[in-house]
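File shown: start.cif. Contents: mmCIF, C-alpha atoms.
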data_final
loop_
_atom_site.label_atom_id
_atom_site.label_comp_id
_atom_site.auth_asym_id
_atom_site.auth_seq_id
_atom_site.Cartn_x
_atom_site.Cartn_y
_atom_site.Cartn_z
CA PRO A 1224 -13.08 19.47 0.58
CA THR A 1225 -12.23 16.79 3.11
CA LEU A 1226 -12.84 16.80 6.86
CA CYS A 1227 -9.20 17.82 7.27
CA ASP A 1228 -9.84 21.02 5.31
CA GLN A 1229 -12.43 22.10 7.88
CA VAL A 1230 -9.85 22.61 10.64
CA THR A 1231 -8.61 26.19 10.85
CA LEU A 1232 -5.64 27.64 12.67
CA GLU A 1233 -8.04 29.88 14.59
CA ALA A 1234 -10.04 26.87 15.81
CA LEU A 1235 -6.85 25.13 16.96
CA ARG A 1236 -5.68 28.22 18.86
CA GLN A 1237 -8.92 28.19 20.84
CA GLY A 1238 -8.27 24.70 22.20
CA PRO A 1239 -8.86 21.06 21.36
CA TYR A 1240 -10.80 20.54 18.17
CA ARG A 1241 -12.77 17.47 17.19
CA LEU A 1242 -13.35 16.86 13.51
CA PRO A 1243 -17.06 16.91 12.65
CA ALA A 1244 -17.08 13.18 11.93
CA PRO A 1245 -19.03 10.36 13.53
CA MET A 1246 -17.30 8.36 16.25
CA VAL A 1247 -18.18 5.18 14.32
CA PRO A 1248 -17.98 5.76 10.58
CA TYR A 1249 -20.84 4.27 8.58
CA ALA A 1250 -22.68 3.00 11.65
CA ASP A 1251 -25.85 3.29 9.56
CA HIS A 1252 -24.28 1.01 6.91
CA ARG A 1253 -24.82 3.69 4.23
CA PHE A 1254 -21.91 4.66 2.03
CA ASP A 1255 -21.54 7.63 -0.29
CA THR A 1256 -21.85 5.49 -3.42
CA PRO A 1257 -24.67 5.25 -5.99
CA SER A 1258 -25.87 1.97 -4.45
CA GLY A 1259 -25.31 3.05 -0.83
CA LYS A 1260 -23.12 -0.05 -0.40
CA TYR A 1261 -19.37 -0.27 0.20
CA ARG A 1262 -17.22 -0.59 -2.92
CA PHE A 1263 -13.70 -2.01 -2.86
CA LEU A 1264 -10.97 -0.12 -4.71
CA THR A 1265 -10.24 -1.56 -8.11
CA ARG A 1266 -7.39 0.85 -8.81
CA PHE A 1267 -5.02 2.91 -6.68
CA ASP A 1268 -2.68 5.47 -8.20
CA LEU A 1269 0.23 6.63 -6.07
CA PRO A 1270 0.47 10.39 -5.60
CA GLU A 1271 3.12 11.88 -7.89
CA ARG A 1272 5.34 12.69 -4.92
CA MET A 1273 5.59 8.93 -4.24
CA THR A 1274 6.87 7.89 -7.66
CA ASN A 1275 10.15 9.83 -7.83
CA SER A 1276 12.99 7.59 -9.10
CA THR A 1277 15.63 9.56 -7.13
CA THR A 1278 14.02 8.32 -3.91
CA PRO A 1279 13.51 4.59 -4.56
CA LEU A 1280 12.64 3.49 -1.02
CA GLN A 1281 9.32 3.80 0.76
CA LEU A 1282 9.86 5.12 4.28
CA LEU A 1283 8.05 3.09 6.90
CA SER A 1284 8.30 4.84 10.27
CA ILE A 1285 6.91 2.64 13.02
CA SER A 1286 6.82 2.28 16.77
CA PRO A 1287 8.20 -1.01 18.07
CA PRO A 1288 5.49 -3.12 19.73
CA GLU A 1289 7.03 -2.73 23.19
CA TRP A 1290 6.65 1.07 23.06
CA LEU A 1291 3.67 3.16 23.98
CA CYS A 1292 3.42 5.58 21.05
CA SER A 1293 6.96 6.85 20.45
CA GLU A 1294 8.11 7.68 23.93
CA MET A 1295 11.86 7.63 24.40
CA THR A 1296 13.96 8.86 27.27
CA PRO A 1297 16.88 11.29 26.94
CA ALA A 1298 19.20 8.29 27.38
CA ASP A 1299 17.61 6.70 24.28
CA GLN A 1300 18.69 9.73 22.27
CA GLN A 1301 22.42 9.08 22.73
CA SER A 1302 22.64 6.69 19.78
CA LEU A 1303 21.47 6.87 16.18
CA ALA A 1304 18.28 5.20 15.07
CA VAL A 1305 18.74 1.67 13.76
CA ILE A 1306 17.07 1.32 10.37
CA ARG A 1307 16.21 -1.96 8.72
CA ILE A 1308 16.92 -2.54 5.05
CA HIS A 1309 17.06 -5.58 2.82
CA PRO A 1310 20.61 -6.98 2.39
CA ASP A 1311 20.34 -6.68 -1.42
CA ASN A 1312 19.83 -2.91 -1.10
CA ALA A 1313 22.78 -2.65 1.27
CA LEU A 1314 25.06 -4.69 -0.99
CA ALA A 1315 24.24 -2.51 -4.01
CA LEU A 1316 25.20 0.58 -1.98
CA GLY A 1317 28.31 -0.89 -0.32
CA ILE A 1318 26.65 -0.85 3.10
CA SER A 1319 27.41 -3.46 5.76
CA GLU A 1320 25.76 -4.34 9.07
CA ASN A 1321 26.13 -1.51 11.64
CA ASP A 1322 27.47 1.00 9.10
CA GLU A 1323 26.51 4.61 9.67
CA VAL A 1324 24.32 5.78 6.79
CA PHE A 1325 22.42 8.82 5.60
CA VAL A 1326 18.70 8.53 4.92
CA GLU A 1327 17.72 11.46 2.74
CA ASN A 1328 15.33 13.02 0.28
CA ASP A 1329 14.77 16.49 -1.15
CA LEU A 1330 13.71 17.77 2.30
CA GLY A 1331 16.82 16.80 4.27
CA GLN A 1332 18.94 14.03 5.63
CA VAL A 1333 19.32 12.17 8.90
CA ARG A 1334 21.94 9.76 10.16
CA ALA A 1335 21.20 6.19 11.19
CA THR A 1336 22.82 2.81 11.77
CA ALA A 1337 22.09 0.08 9.22
CA HIS A 1338 20.67 -3.28 10.19
CA LEU A 1339 20.39 -5.75 7.32
CA ASP A 1340 17.16 -7.71 7.48
CA GLY A 1341 16.26 -10.25 4.81
CA ASP A 1342 12.63 -10.17 5.95
CA GLN A 1343 12.23 -6.55 4.79
CA ARG A 1344 10.76 -5.65 1.43
CA ARG A 1345 13.36 -4.48 -1.08
CA ASP A 1346 11.43 -1.26 -1.77
CA THR A 1347 11.11 -0.28 1.90
CA LEU A 1348 13.31 1.28 4.56
CA VAL A 1349 12.04 0.82 8.13
CA PHE A 1350 12.93 3.73 10.42
CA PRO A 1351 11.73 3.70 14.05
CA ARG A 1352 9.87 6.72 15.41
CA GLY A 1353 10.85 8.59 18.51
CA LYS A 1354 14.32 10.04 17.95
CA TRP A 1355 14.58 13.76 18.61
CA LEU A 1356 16.08 16.14 16.08
CA GLU A 1357 19.08 16.69 18.38
CA SER A 1358 19.94 12.97 18.13
CA GLY A 1359 20.71 13.34 14.42
CA SER A 1360 18.04 10.72 13.64
CA GLY A 1361 14.83 12.76 13.72
CA VAL A 1362 12.71 11.17 11.00
CA ASN A 1363 10.39 14.19 10.88
CA LEU A 1364 13.09 16.04 8.91
CA LEU A 1365 12.19 13.77 5.99
CA THR A 1366 8.42 14.17 6.02
CA ARG A 1367 6.52 16.91 4.24
CA ASP A 1368 4.49 19.44 6.18
CA LEU A 1369 1.17 18.24 4.86
CA VAL A 1370 -1.75 16.06 5.81
CA SER A 1371 -1.83 12.45 4.64
CA GLU A 1372 -4.08 11.55 1.73
CA VAL A 1373 -5.85 9.04 3.95
CA GLY A 1374 -6.73 9.64 7.59
CA CYS A 1375 -5.88 13.34 8.03
CA GLY A 1376 -2.60 12.50 9.76
CA THR A 1377 1.16 12.82 9.43
CA PRO A 1378 2.32 11.57 6.01
CA TYR A 1379 4.79 9.00 7.36
CA TYR A 1380 3.61 6.47 4.81
CA GLU A 1381 3.74 8.92 1.89
CA THR A 1382 7.46 9.62 2.19
CA ARG A 1383 10.13 8.37 -0.19
CA VAL A 1384 13.85 8.29 0.63
CA ARG A 1385 17.23 7.15 -0.62
CA LEU A 1386 20.09 5.67 1.35
CA ARG A 1387 23.82 6.23 1.16
CA LYS A 1388 26.82 5.23 3.19
CA SER A 1389 28.13 7.91 5.54
#
Would you put the structure from the file into structure tokens?
Amino acid sequence: PTLCDQVTLEALRQGPYRLPAPMVPYADHRFDTPSGKYRFLTRFDLPERMTNSTTPLQLLSISPPEWLCSEMTPADQQSLAVIRIHPDNALALGISENDEVFVENDLGQVRATAHLDGDQRRDTLVFPRGKWLESGSGVNLLTRDLVSEVGCGTPYYETRVRLRKS
């Protein structure tokens, strides 16, 4: 079991809960390896849910650098989220700059406005955080209700999607 498995619903209902982990991991410079030293990964297999060919794009949900977390005002909710995709992806799907699109997977779909960005990876769709569900662009509709494989957090970086023109 991981540290994440130690949190119970009962503990959360009682108030704030701190995982029983050190504030500074490995401060003693001892790692849980046979040598006690850090070992770099030599292989990384994607979880099966991340290799589905019907959802070819990796969802990257980020906060712009000028934001503090993902705080948006009600006025910011009046427009759809602007996603960034590589122009080659857009061309293959008949999508042009500023087209309204659907970002979807087996969990749901949300609407967004396309921005073509040649600096983006071809296997990635960048979707900003912070839109509420009522805006039609709530990215949380696309993420599974589970804990991330790394870090005990929201699985924003373990979500695959597809894109289609609205």
Excluding A:Gly1359 and its own-chain neighbours fewer than 6 positions away, which residues fall within 8 Å of it when counting all atoms listed in the file? Please give them as a ChimeraX atom specification. /A:1303,1333-1335
Between atom CA of A:Asn1363 and atom CA of A:Gly1341 - distance in Å to one decimal: 25.9 Å
Tell me, in Å to one decimal, how far atom CA of A:Leu1369 is from atom CA of A:Ile1306.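 Going from atom CA of A:Leu1369 over to atom CA of A:Ile1306 covers 23.9 Å.
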Distance cut-off 12 Å, centre (16.1, 11.3, 4.7) in file coordinates, counting all atoms listed in the file: which residues qualify? Return them as an MDAnalysis selection string. chainID A and resid 1277:1284 1306 1324:1335 1348:1350 1359:1367 1379 1382:1387
Would you place a box with edges along x, y and z of the file around all atoms of stretch 1352-1364 of chain A listed there, add 4 Å to each of its six sides, and report the centre and edge lengths in Å to one decimal, as AutoDock Vina command-line options?
--center_x 15.3 --center_y 11.7 --center_z 13.8 --size_x 18.8 --size_y 18.0 --size_z 17.7
Run through the PyMOL selection byres ((chain A and resi 1243-1254) around 12) on the given coordinates and return the selected residues as a PDB file with C-alpha atoms, in the coordinates of the input.
ATOM      1  CA  THR A1225     -12.230  16.790   3.110  1.00  0.00           C
ATOM      2  CA  LEU A1226     -12.840  16.800   6.860  1.00  0.00           C
ATOM      3  CA  CYS A1227      -9.200  17.820   7.270  1.00  0.00           C
ATOM      4  CA  ASP A1228      -9.840  21.020   5.310  1.00  0.00           C
ATOM      5  CA  GLN A1229     -12.430  22.100   7.880  1.00  0.00           C
ATOM      6  CA  VAL A1230      -9.850  22.610  10.640  1.00  0.00           C
ATOM      7  CA  TYR A1240     -10.800  20.540  18.170  1.00  0.00           C
ATOM      8  CA  ARG A1241     -12.770  17.470  17.190  1.00  0.00           C
ATOM      9  CA  LEU A1242     -13.350  16.860  13.510  1.00  0.00           C
ATOM     10  CA  ASP A1255     -21.540   7.630  -0.290  1.00  0.00           C
ATOM     11  CA  THR A1256     -21.850   5.490  -3.420  1.00  0.00           C
ATOM     12  CA  PRO A1257     -24.670   5.250  -5.990  1.00  0.00           C
ATOM     13  CA  SER A1258     -25.870   1.970  -4.450  1.00  0.00           C
ATOM     14  CA  GLY A1259     -25.310   3.050  -0.830  1.00  0.00           C
ATOM     15  CA  LYS A1260     -23.120  -0.050  -0.400  1.00  0.00           C
ATOM     16  CA  TYR A1261     -19.370  -0.270   0.200  1.00  0.00           C
ATOM     17  CA  ARG A1262     -17.220  -0.590  -2.920  1.00  0.00           C
ATOM     18  CA  PHE A1263     -13.700  -2.010  -2.860  1.00  0.00           C
ATOM     19  CA  GLY A1374      -6.730   9.640   7.590  1.00  0.00           C
ATOM     20  CA  CYS A1375      -5.880  13.340   8.030  1.00  0.00           C
TER      21      CYS A1375
END
As a ChimeraX atom specification, please: the residues near A:Gln1343 (cut-off 9 Å, only C-alpha atoms, same-chain neighbours under 6 positions excluded). /A:1307-1310,1349
Could you tell me how far atom CA of A:Ser1389 sits from atom CA of A:Ser1319, in Å to one decimal place? 11.4 Å
My list of candidates is A:Leu1316, A:Leu1356, A:Met1295, A:Val1305. Which is closest to A:His1338 when distances are computed with only C-alpha atoms?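 The shortest atom-to-atom distance to A:His1338 comes from A:Val1305.
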With the file shown as input, list the residues that the PyMOL selection byres ((chain A and resi 1322) around 6) selects, as a ChimeraX atom specification. /A:1319-1321,1323,1336-1337
Pick from A:Pro1288, A:Glu1294, A:Lys1388, A:Gln1237: nearest to A:Asn1312, with all atoms listed in the file counted?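 For A:Asn1312, the nearest of the candidates is A:Lys1388.
With only C-alpha atoms as the atoms that count, the minimum distance from A:Pro1351 to the choices A:Ala1234, A:Leu1264, A:Ala1298, A:Ala1304 is reached by A:Ala1304.
Using only C-alpha atoms, the shortest contact distance between A:Ile1285 and any of A:Leu1339, A:Arg1352, A:Asp1368, A:Asp1299 is found at A:Arg1352.
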